[in-house]
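*Asks:* You'll find start_12.cif just under this line, and it carries mmCIF, C-alpha atoms.
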```cif
data_my_file
#
loop_
_atom_site.group_PDB
_atom_site.id
_atom_site.type_symbol
_atom_site.label_atom_id
_atom_site.label_comp_id
_atom_site.auth_asym_id
_atom_site.auth_seq_id
_atom_site.Cartn_x
_atom_site.Cartn_y
_atom_site.Cartn_z
ATOM 1 C CA MET M 25 243.175 -31.067 50.542
ATOM 2 C CA THR M 26 243.394 -33.404 47.554
ATOM 3 C CA SER M 27 242.260 -32.540 44.070
ATOM 4 C CA GLY M 28 239.961 -34.802 42.086
ATOM 5 C CA LEU M 29 238.087 -37.835 43.394
ATOM 6 C CA ASP M 30 239.610 -39.729 46.240
ATOM 7 C CA PRO M 31 237.977 -43.141 46.909
ATOM 8 C CA SER M 32 238.503 -42.758 50.667
ATOM 9 C CA SER M 33 236.772 -39.408 50.975
ATOM 10 C CA TRP M 34 234.029 -37.181 49.537
ATOM 11 C CA TRP M 35 235.676 -34.871 46.978
ATOM 12 C CA GLY M 36 238.783 -34.698 49.098
ATOM 13 C CA LEU M 37 236.788 -33.915 52.231
ATOM 14 C CA PRO M 38 236.367 -36.428 55.056
ATOM 15 C CA PHE M 39 232.679 -37.354 54.628
ATOM 16 C CA ARG M 40 232.540 -41.093 53.996
ATOM 17 C CA ILE M 41 229.919 -41.925 56.654
ATOM 18 C CA THR M 42 227.803 -38.915 55.603
ATOM 19 C CA ALA M 43 227.949 -39.976 51.950
ATOM 20 C CA GLY M 44 226.897 -43.506 52.968
ATOM 21 C CA ILE M 45 223.944 -42.183 54.997
ATOM 22 C CA ILE M 46 222.800 -39.971 52.103
ATOM 23 C CA PHE M 47 223.046 -42.935 49.723
ATOM 24 C CA ILE M 48 220.971 -45.109 52.104
ATOM 25 C CA LEU M 49 218.346 -42.350 52.492
ATOM 26 C CA LEU M 50 218.024 -41.887 48.746
ATOM 27 C CA ALA M 51 217.056 -45.557 48.297
ATOM 28 C CA PRO M 52 213.569 -45.327 49.940
ATOM 29 C CA ILE M 53 212.932 -42.046 48.086
ATOM 30 C CA TYR M 54 213.680 -43.779 44.789
ATOM 31 C CA LEU M 55 211.344 -46.627 45.805
ATOM 32 C CA CYS M 56 208.566 -44.142 46.637
ATOM 33 C CA PHE M 57 208.898 -42.531 43.208
ATOM 34 C CA TYR M 58 208.997 -45.996 41.634
ATOM 35 C CA VAL M 59 205.703 -46.841 43.370
ATOM 36 C CA LEU M 60 204.283 -43.550 42.029
ATOM 37 C CA THR M 61 205.012 -44.743 38.487
ATOM 38 C CA GLN M 62 202.810 -47.795 39.143
ATOM 39 C CA LEU M 63 200.009 -46.321 41.257
ATOM 40 C CA THR M 64 197.667 -43.346 41.134
ATOM 41 C CA SER M 65 196.808 -41.798 44.480
ATOM 42 C CA PRO M 66 193.289 -40.421 45.029
ATOM 43 C CA SER M 67 194.696 -36.868 45.454
ATOM 44 C CA LYS M 68 196.579 -37.128 42.171
ATOM 45 C CA LYS M 69 193.474 -38.524 40.468
ATOM 46 C CA ILE M 70 191.369 -35.599 41.760
ATOM 47 C CA LEU M 71 193.935 -32.995 40.672
ATOM 48 C CA LEU M 72 194.393 -34.565 37.248
ATOM 49 C CA ALA M 73 190.626 -34.880 36.718
ATOM 50 C CA ILE M 74 190.060 -31.207 37.607
ATOM 51 C CA SER M 75 193.103 -30.073 35.639
ATOM 52 C CA GLN M 76 192.060 -31.961 32.479
ATOM 53 C CA ARG M 77 188.536 -30.514 32.457
ATOM 54 C CA GLY M 78 189.419 -27.037 33.731
ATOM 55 C CA GLN M 79 186.822 -27.175 36.517
ATOM 56 C CA LEU M 80 184.703 -29.881 38.078
ATOM 57 C CA SER M 81 181.726 -30.104 40.412
ATOM 58 C CA TYR M 82 181.836 -32.217 43.589
ATOM 59 C CA GLY M 83 179.632 -34.850 41.910
ATOM 60 C CA ASP M 84 181.978 -35.144 38.927
ATOM 61 C CA ILE M 85 184.993 -35.518 41.229
ATOM 62 C CA VAL M 86 183.258 -38.272 43.207
ATOM 63 C CA ALA M 87 182.314 -39.995 39.931
ATOM 64 C CA SER M 88 185.933 -39.950 38.693
ATOM 65 C CA VAL M 89 187.179 -41.347 42.028
ATOM 66 C CA ARG M 90 184.424 -43.972 42.073
ATOM 67 C CA LYS M 91 185.378 -45.006 38.517
ATOM 68 C CA GLU M 92 188.932 -45.693 39.705
ATOM 69 C CA ASP M 93 187.510 -47.983 42.460
ATOM 70 C CA PHE M 94 190.285 -47.211 44.948
ATOM 71 C CA ILE M 95 188.679 -49.145 47.784
ATOM 72 C CA MET M 96 188.176 -52.503 46.085
ATOM 73 C CA THR M 97 191.558 -52.441 44.316
ATOM 74 C CA ARG M 98 193.305 -51.681 47.636
ATOM 75 C CA LEU M 99 191.212 -54.277 49.458
ATOM 76 C CA ASN M 100 192.129 -56.894 46.856
ATOM 77 C CA ASP M 101 195.801 -55.913 47.281
ATOM 78 C CA LEU M 102 195.474 -56.412 51.042
ATOM 79 C CA CYS M 103 193.924 -59.853 50.445
ATOM 80 C CA ALA M 104 196.634 -60.785 47.924
ATOM 81 C CA SER M 105 199.395 -59.688 50.310
ATOM 82 C CA GLY M 106 197.900 -61.782 53.128
ATOM 83 C CA CYS M 107 196.923 -58.927 55.454
ATOM 84 C CA VAL M 108 193.184 -59.465 55.018
ATOM 85 C CA LYS M 109 191.184 -62.628 54.312
ATOM 86 C CA GLN M 110 187.589 -63.229 53.395
ATOM 87 C CA ILE M 111 185.583 -65.628 55.577
ATOM 88 C CA ASP M 112 181.908 -66.227 54.679
ATOM 89 C CA GLY M 113 181.783 -62.975 52.736
ATOM 90 C CA ARG M 114 183.289 -60.947 55.591
ATOM 91 C CA TYR M 115 186.712 -59.313 55.534
ATOM 92 C CA VAL M 116 188.843 -60.056 58.601
ATOM 93 C CA LEU M 117 192.459 -59.279 59.450
ATOM 94 C CA THR M 118 195.073 -62.019 59.368
ATOM 95 C CA SER M 119 197.850 -62.054 61.997
ATOM 96 C CA GLU M 120 199.924 -59.875 59.616
ATOM 97 C CA GLY M 121 197.039 -57.426 59.295
ATOM 98 C CA GLN M 122 196.613 -57.357 63.086
ATOM 99 C CA LYS M 123 200.294 -56.423 63.451
ATOM 100 C CA ILE M 124 199.751 -53.513 61.022
ATOM 101 C CA ALA M 125 196.612 -52.466 62.949
ATOM 102 C CA ALA M 126 198.568 -52.577 66.235
ATOM 103 C CA THR M 127 201.343 -50.457 64.671
ATOM 104 C CA LEU M 128 198.740 -47.936 63.469
ATOM 105 C CA SER M 129 197.153 -47.773 66.937
ATOM 106 C CA PHE M 130 200.600 -47.160 68.432
ATOM 107 C CA MET M 131 201.251 -44.429 65.855
ATOM 108 C CA GLN M 132 197.889 -42.867 66.688
ATOM 109 C CA LEU M 133 198.981 -42.772 70.337
ATOM 110 C CA ILE M 134 202.289 -41.111 69.442
ATOM 111 C CA LEU M 135 200.992 -38.727 66.761
ATOM 112 C CA GLY M 136 197.723 -37.955 68.540
ATOM 113 C CA ARG M 137 195.881 -37.701 65.245
ATOM 114 C CA ASN M 138 192.573 -39.213 64.275
ATOM 115 C CA THR M 139 192.033 -41.736 61.510
ATOM 116 C CA GLY M 140 193.191 -40.501 58.131
ATOM 117 C CA GLY M 141 192.514 -42.220 54.834
ATOM 118 C CA MET C 23 234.159 -34.091 61.166
ATOM 119 C CA ASP C 24 232.296 -36.885 59.372
ATOM 120 C CA VAL C 25 230.619 -38.175 62.545
ATOM 121 C CA LEU C 26 229.870 -34.591 63.612
ATOM 122 C CA THR C 27 228.126 -33.892 60.285
ATOM 123 C CA ALA C 28 226.008 -37.047 60.507
ATOM 124 C CA GLY C 29 225.283 -36.311 64.171
ATOM 125 C CA VAL C 30 224.112 -32.773 63.440
ATOM 126 C CA GLY C 31 221.913 -34.104 60.606
ATOM 127 C CA PHE C 32 220.265 -36.692 62.861
ATOM 128 C CA PHE C 33 219.988 -34.284 65.802
ATOM 129 C CA SER C 34 218.284 -31.707 63.564
ATOM 130 C CA PHE C 35 215.868 -34.360 62.345
ATOM 131 C CA GLY C 36 215.160 -35.258 65.987
ATOM 132 C CA PHE C 37 214.369 -31.588 66.590
ATOM 133 C CA PHE C 38 212.009 -31.566 63.584
ATOM 134 C CA LEU C 39 210.339 -34.754 64.844
ATOM 135 C CA LEU C 40 209.871 -33.289 68.312
ATOM 136 C CA ILE C 41 208.241 -30.130 66.939
ATOM 137 C CA HIS C 42 206.152 -32.222 64.568
ATOM 138 C CA LEU C 43 204.948 -34.615 67.296
ATOM 139 C CA ILE C 44 204.060 -31.797 69.670
ATOM 140 C CA THR C 45 202.364 -29.411 67.245
ATOM 141 C CA PHE C 46 200.695 -31.678 64.685
ATOM 142 C CA ARG C 47 198.239 -33.088 67.224
ATOM 143 C CA TRP C 48 196.222 -29.934 66.789
ATOM 144 C CA VAL C 49 196.668 -29.348 63.052
ATOM 145 C CA ARG C 50 193.378 -29.713 61.194
ATOM 146 C CA PRO C 51 193.376 -31.811 57.978
ATOM 147 C CA GLU C 52 192.818 -28.723 55.788
ATOM 148 C CA ARG C 53 195.991 -27.137 57.190
ATOM 149 C CA LEU C 54 198.081 -30.305 57.073
ATOM 150 C CA LEU C 55 199.991 -29.857 53.782
ATOM 151 C CA ARG C 56 200.814 -26.201 54.391
ATOM 152 C CA SER C 57 201.803 -26.847 58.030
ATOM 153 C CA LEU C 58 204.117 -29.692 56.981
ATOM 154 C CA LEU C 59 205.837 -27.455 54.427
ATOM 155 C CA VAL C 60 206.224 -24.622 56.940
ATOM 156 C CA CYS C 61 207.557 -27.026 59.601
ATOM 157 C CA VAL C 62 210.120 -28.569 57.207
ATOM 158 C CA LEU C 63 211.298 -25.161 55.912
ATOM 159 C CA ALA C 64 211.485 -23.661 59.409
ATOM 160 C CA VAL C 65 213.668 -26.473 60.730
ATOM 161 C CA MET C 66 215.940 -26.500 57.648
ATOM 162 C CA GLY C 67 218.000 -23.622 59.043
ATOM 163 C CA PHE C 68 218.667 -25.553 62.249
ATOM 164 C CA PRO C 69 221.588 -27.757 61.042
ATOM 165 C CA VAL C 70 223.278 -24.733 59.447
ATOM 166 C CA LEU C 71 222.866 -22.740 62.684
ATOM 167 C CA LEU C 72 224.177 -25.673 64.738
ATOM 168 C CA MET C 73 227.190 -26.071 62.436
ATOM 169 C CA GLY C 74 227.860 -22.326 62.719
ATOM 170 C CA ILE C 75 227.888 -22.583 66.519
ATOM 171 C CA LEU C 76 230.181 -25.623 66.393
ATOM 172 C CA TYR C 77 232.505 -23.748 64.000
ATOM 173 C CA ILE C 78 232.705 -20.744 66.356
ATOM 174 C CA PHE C 79 233.591 -23.064 69.258
ATOM 175 C CA LYS C 80 236.042 -25.005 67.009
ATOM 176 C CA ALA C 81 234.434 -28.360 67.801
ATOM 177 C CA ALA C 82 236.645 -29.987 65.141
ATOM 178 C CA ASP C 83 239.888 -29.070 63.464
ATOM 179 C CA ALA C 84 238.940 -28.535 59.825
ATOM 180 C CA SER C 85 239.181 -25.939 57.074
ATOM 181 C CA PHE C 86 236.407 -23.381 56.499
ATOM 182 C CA GLN C 87 235.542 -25.180 53.238
ATOM 183 C CA ALA C 88 235.052 -28.418 55.180
ATOM 184 C CA TRP C 89 232.740 -26.627 57.654
ATOM 185 C CA VAL C 90 230.640 -25.186 54.805
ATOM 186 C CA CYS C 91 230.409 -28.641 53.198
ATOM 187 C CA ALA C 92 229.571 -30.175 56.585
ATOM 188 C CA ALA C 93 226.739 -27.679 57.104
ATOM 189 C CA LEU C 94 225.316 -28.416 53.644
ATOM 190 C CA LEU C 95 225.632 -32.175 54.125
ATOM 191 C CA ALA C 96 224.018 -32.020 57.588
ATOM 192 C CA LEU C 97 221.204 -30.055 55.953
ATOM 193 C CA ALA C 98 220.949 -32.754 53.267
ATOM 194 C CA ILE C 99 220.759 -35.541 55.879
ATOM 195 C CA GLN C 100 218.121 -33.665 57.885
ATOM 196 C CA GLY C 101 216.130 -32.879 54.727
ATOM 197 C CA LEU C 102 216.292 -36.448 53.449
ATOM 198 C CA LEU C 103 215.338 -37.911 56.853
ATOM 199 C CA SER C 104 212.361 -35.534 57.026
ATOM 200 C CA PHE C 105 211.386 -36.404 53.445
ATOM 201 C CA VAL C 106 211.611 -40.159 54.130
ATOM 202 C CA TYR C 107 209.625 -39.743 57.366
ATOM 203 C CA ILE C 108 206.853 -37.782 55.605
ATOM 204 C CA LEU C 109 206.799 -39.992 52.515
ATOM 205 C CA CYS C 110 207.111 -43.398 54.210
ATOM 206 C CA ILE C 111 205.663 -43.001 57.725
ATOM 207 C CA PHE C 112 203.491 -39.926 58.256
ATOM 208 C CA GLY C 113 202.071 -39.794 54.705
ATOM 209 C CA PRO C 114 200.770 -43.379 54.635
ATOM 210 C CA TYR C 115 199.423 -43.031 58.206
ATOM 211 C CA GLU C 116 197.519 -39.899 57.251
ATOM 212 C CA THR C 117 196.411 -40.626 53.678
ATOM 213 C CA SER C 118 196.744 -44.308 52.773
ATOM 214 C CA VAL C 119 193.519 -45.987 51.668
ATOM 215 C CA ARG C 120 194.954 -49.394 52.606
ATOM 216 C CA MET C 121 195.802 -48.273 56.157
ATOM 217 C CA ARG C 122 192.310 -46.851 56.590
ATOM 218 C CA LEU C 123 190.803 -50.166 55.416
ATOM 219 C CA VAL C 124 192.960 -52.094 57.906
ATOM 220 C CA ARG C 125 191.776 -49.766 60.699
ATOM 221 C CA GLU C 126 188.110 -50.068 59.722
ATOM 222 C CA ILE C 127 188.295 -53.883 59.624
ATOM 223 C CA SER C 128 190.292 -53.913 62.861
ATOM 224 C CA ALA C 129 187.608 -51.838 64.629
ATOM 225 C CA SER C 130 185.034 -54.590 64.051
ATOM 226 C CA SER C 131 185.430 -57.793 66.091
ATOM 227 C CA THR C 132 183.506 -59.925 63.562
ATOM 228 C CA GLY C 133 185.001 -58.410 60.403
ATOM 229 C CA LEU C 134 183.121 -56.440 57.777
ATOM 230 C CA SER C 135 181.139 -57.352 54.698
ATOM 231 C CA LYS C 136 181.771 -55.360 51.506
ATOM 232 C CA GLY C 137 178.553 -53.379 52.061
ATOM 233 C CA GLU C 138 179.403 -52.548 55.683
ATOM 234 C CA LEU C 139 182.905 -51.504 54.698
ATOM 235 C CA LEU C 140 181.629 -49.229 51.928
ATOM 236 C CA GLN C 141 179.189 -47.649 54.386
ATOM 237 C CA LYS C 142 182.067 -46.703 56.674
ATOM 238 C CA TYR C 143 184.546 -45.721 53.972
ATOM 239 C CA ASN C 144 183.619 -44.841 50.407
ATOM 240 C CA ALA C 145 184.425 -42.589 47.423
ATOM 241 C CA GLU C 146 182.600 -39.620 49.019
ATOM 242 C CA LYS C 147 184.724 -39.863 52.176
ATOM 243 C CA ILE C 148 187.920 -40.182 50.109
ATOM 244 C CA VAL C 149 186.969 -37.084 48.091
ATOM 245 C CA ASP C 150 185.805 -35.067 51.145
ATOM 246 C CA MET C 151 189.089 -35.559 53.001
ATOM 247 C CA ARG C 152 191.238 -34.785 49.988
ATOM 248 C CA LEU C 153 189.253 -31.741 48.947
ATOM 249 C CA ARG C 154 189.613 -30.357 52.480
ATOM 250 C CA ARG C 155 193.390 -30.866 52.324
ATOM 251 C CA LEU C 156 193.791 -29.559 48.767
ATOM 252 C CA VAL C 157 191.600 -26.505 49.298
ATOM 253 C CA GLY C 158 193.362 -25.831 52.624
ATOM 254 C CA SER C 159 196.794 -26.036 51.016
ATOM 255 C CA GLY C 160 195.668 -23.658 48.268
ATOM 256 C CA ASP C 161 196.235 -26.166 45.457
ATOM 257 C CA ILE C 162 192.595 -25.935 44.351
ATOM 258 C CA VAL C 163 189.808 -23.418 44.887
ATOM 259 C CA GLU C 164 186.061 -23.832 45.078
ATOM 260 C CA LYS C 165 183.792 -21.192 43.551
ATOM 261 C CA ASP C 166 180.049 -21.587 42.941
ATOM 262 C CA GLY C 167 180.305 -25.334 43.577
ATOM 263 C CA LEU C 168 183.068 -25.825 40.995
ATOM 264 C CA TYR C 169 186.634 -26.811 41.826
ATOM 265 C CA ARG C 170 189.612 -25.456 39.872
ATOM 266 C CA VAL C 171 193.348 -26.151 40.086
ATOM 267 C CA ILE C 172 195.177 -22.938 41.026
ATOM 268 C CA SER C 173 198.670 -23.896 39.982
ATOM 269 C CA ARG C 174 200.354 -26.939 38.497
ATOM 270 C CA LYS C 175 203.457 -26.133 40.553
ATOM 271 C CA ASN C 176 202.389 -28.198 43.544
ATOM 272 C CA PHE C 177 203.919 -31.355 45.062
ATOM 273 C CA PHE C 178 201.516 -33.718 43.311
ATOM 274 C CA PHE C 179 202.279 -32.449 39.806
ATOM 275 C CA ILE C 180 206.022 -32.197 40.536
ATOM 276 C CA PHE C 181 206.055 -35.769 41.921
ATOM 277 C CA ASP C 182 203.988 -36.885 38.946
ATOM 278 C CA ALA C 183 206.493 -35.282 36.540
ATOM 279 C CA ILE C 184 209.445 -36.970 38.318
ATOM 280 C CA ALA C 185 207.588 -40.298 38.316
ATOM 281 C CA GLY C 186 206.902 -39.795 34.580
ATOM 282 C CA ILE C 187 210.609 -39.263 33.863
ATOM 283 C CA LEU C 188 211.466 -42.286 36.014
ATOM 284 C CA LYS C 189 208.871 -44.422 34.185
ATOM 285 C CA LYS C 190 210.288 -43.394 30.811
ATOM 286 C CA TRP C 191 213.794 -44.189 32.037
ATOM 287 C CA ILE C 192 212.729 -47.617 33.415
ATOM 288 C CA ASN C 193 210.920 -48.526 30.174
ATOM 289 C CA GLN C 194 213.935 -47.685 27.994
#
```
Please lay out the structure from this file as structure tokens.

*Replies:*
Amino acid sequence: MTSGLDPSSWWGLPFRITAGIIFILLAPIYLCFYVLTQLTSPSKKILLAISQRGQLSYGDIVASVRKEDFIMTRLNDLCASGCVKQIDGRYVLTSEGQKIAATLSFMQLILGRNTGG
Amino acid sequence: MDVLTAGVGFFSFGFFLLIHLITFRWVRPERLLRSLLVCVLAVMGFPVLLMGILYIFKAADASFQAWVCAALLALAIQGLLSFVYILCIFGPYETSVRMRLVREISASSTGLSKGELLQKYNAEKIVDMRLRRLVGSGDIVEKDGLYRVISRKNFFFIFDAIAGILKKWINQ
């Protein structure tokens, strides 16, 4: 057992691969939290709206969610990222979008759960 | 010992995934958040138990301290893998507005106009699904048609607080 930090081990213990895996796994978690700093999820919006006013009726919650316009902002994001395109006023999937849809169908088969959203 | 630790971490995650894939088919949306938490917490003891068994059978020649560290690190790998799976795969599948829009458009062979899309998926549907989940998880309660937040010590507020710290740190 060595004392202090040894560059070829994890605090003197033989866990280099483990430390590498933990480091790699922390990266997507950081990215998720980074995305959270930029975006508001509908659940967070609902909780914050209720929390700020103490209590809210269903109508008020719907109004606060409608004000945020989650659907059109997300749809515009999908268009900007090339997953969806608009043809004659109709939204259709691009080949990228079709790949995502196929992945979601496959996941539905594996998870056995109905459409979320 | 290193490979054993990583192996136990991944194996435990595989066990979690198996339980999740088998049982979550029947979990209703209102029980989703609580069931996920229970499932994650229940499986968290698995890597420690596995490491204990491997220690008894002396699967590797290492000190007791190394075995304790290995158990904790295997637990960390399993926990992080579960967290990444929930945050990056299961979460978006279950709750993402974008994914739902892709599915709605995909279901129509000729595409959808804005009006048609909003008929199928709109603010009311977003709120209905989330209220079911949040009431089911006990984060909010409904009384006489009014919704109230029970406790600010839930995942959303904790994540929001971490994101707030991160935002402050990024902007510095």

*Asks:* For the PyMOL selection byres ((chain C) within 8 of (chain M)), applied here, can you spell out every residue it catches as a ChimeraX atom specification?

*Replies:* /C:23-25,27-28,43,46-48,88,95,98-99,102-103,105-106,109-110,115-125,127-128,132-136,144-146,148-149,151-152,167-171,178-179,181-182,184-186,188-189

*Asks:* List the neighbours of Leu72 (chain C) out to 12 Å using all atoms listed in the file; skip same-chain residues closer than 2 positions along the sequence, and give me the result as a PyMOL selection string.

*Replies:* chain C and resi 26-27+29-34+37+65-70+74-79+81+89-90+92-94+96-97

*Asks:* For the residues in the current selection, export C-alpha atoms as a PDB file, in the coordinates of the input.

*Replies:*
```pdb
ATOM      1  CA  LEU C  26     229.870 -34.591  63.612  1.00  0.00           C
ATOM      2  CA  THR C  27     228.126 -33.892  60.285  1.00  0.00           C
ATOM      3  CA  GLY C  29     225.283 -36.311  64.171  1.00  0.00           C
ATOM      4  CA  VAL C  30     224.112 -32.773  63.440  1.00  0.00           C
ATOM      5  CA  GLY C  31     221.913 -34.104  60.606  1.00  0.00           C
ATOM      6  CA  PHE C  32     220.265 -36.692  62.861  1.00  0.00           C
ATOM      7  CA  PHE C  33     219.988 -34.284  65.802  1.00  0.00           C
ATOM      8  CA  SER C  34     218.284 -31.707  63.564  1.00  0.00           C
ATOM      9  CA  PHE C  37     214.369 -31.588  66.590  1.00  0.00           C
ATOM     10  CA  VAL C  65     213.668 -26.473  60.730  1.00  0.00           C
ATOM     11  CA  MET C  66     215.940 -26.500  57.648  1.00  0.00           C
ATOM     12  CA  GLY C  67     218.000 -23.622  59.043  1.00  0.00           C
ATOM     13  CA  PHE C  68     218.667 -25.553  62.249  1.00  0.00           C
ATOM     14  CA  PRO C  69     221.588 -27.757  61.042  1.00  0.00           C
ATOM     15  CA  VAL C  70     223.278 -24.733  59.447  1.00  0.00           C
ATOM     16  CA  GLY C  74     227.860 -22.326  62.719  1.00  0.00           C
ATOM     17  CA  ILE C  75     227.888 -22.583  66.519  1.00  0.00           C
ATOM     18  CA  LEU C  76     230.181 -25.623  66.393  1.00  0.00           C
ATOM     19  CA  TYR C  77     232.505 -23.748  64.000  1.00  0.00           C
ATOM     20  CA  ILE C  78     232.705 -20.744  66.356  1.00  0.00           C
ATOM     21  CA  PHE C  79     233.591 -23.064  69.258  1.00  0.00           C
ATOM     22  CA  ALA C  81     234.434 -28.360  67.801  1.00  0.00           C
ATOM     23  CA  TRP C  89     232.740 -26.627  57.654  1.00  0.00           C
ATOM     24  CA  VAL C  90     230.640 -25.186  54.805  1.00  0.00           C
ATOM     25  CA  ALA C  92     229.571 -30.175  56.585  1.00  0.00           C
ATOM     26  CA  ALA C  93     226.739 -27.679  57.104  1.00  0.00           C
ATOM     27  CA  LEU C  94     225.316 -28.416  53.644  1.00  0.00           C
ATOM     28  CA  ALA C  96     224.018 -32.020  57.588  1.00  0.00           C
ATOM     29  CA  LEU C  97     221.204 -30.055  55.953  1.00  0.00           C
TER      30      LEU C  97
END
```

*Asks:* Between CA of Ile108 (chain C) and CA of Leu63 (chain C), what is the spacing in Å?

*Replies:*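 For CA of Leu63 (chain C) relative to CA of Ile108 (chain C), the distance reads 13.4 Å.
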
*Asks:* Please determine an axis-aligned box that encloses all atoms of region 82-99 of chain C listed in the file, with 5 Å added on each side, and express its centre and edge lengths in Å to one decimal as AutoDock Vina command-line options.

*Replies:*
```
--center_x 230.3 --center_y -29.5 --center_z 59.2 --size_x 29.1 --size_y 22.2 --size_z 21.9
```

*Asks:* Which distance in Å separates CA of Ser104 (chain C) and CA of His42 (chain C), to one decimal?

*Replies:*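 Spanning CA of Ser104 (chain C) to CA of His42 (chain C) is a straight-line distance of 10.3 Å.
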
*Asks:* Can you work out the spacing between CA of Ile41 (chain C) and CA of Val60 (chain C) in Å, to one decimal?

*Replies:*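 Pair CA of Ile41 (chain C) / CA of Val60 (chain C) returns 11.6 Å.
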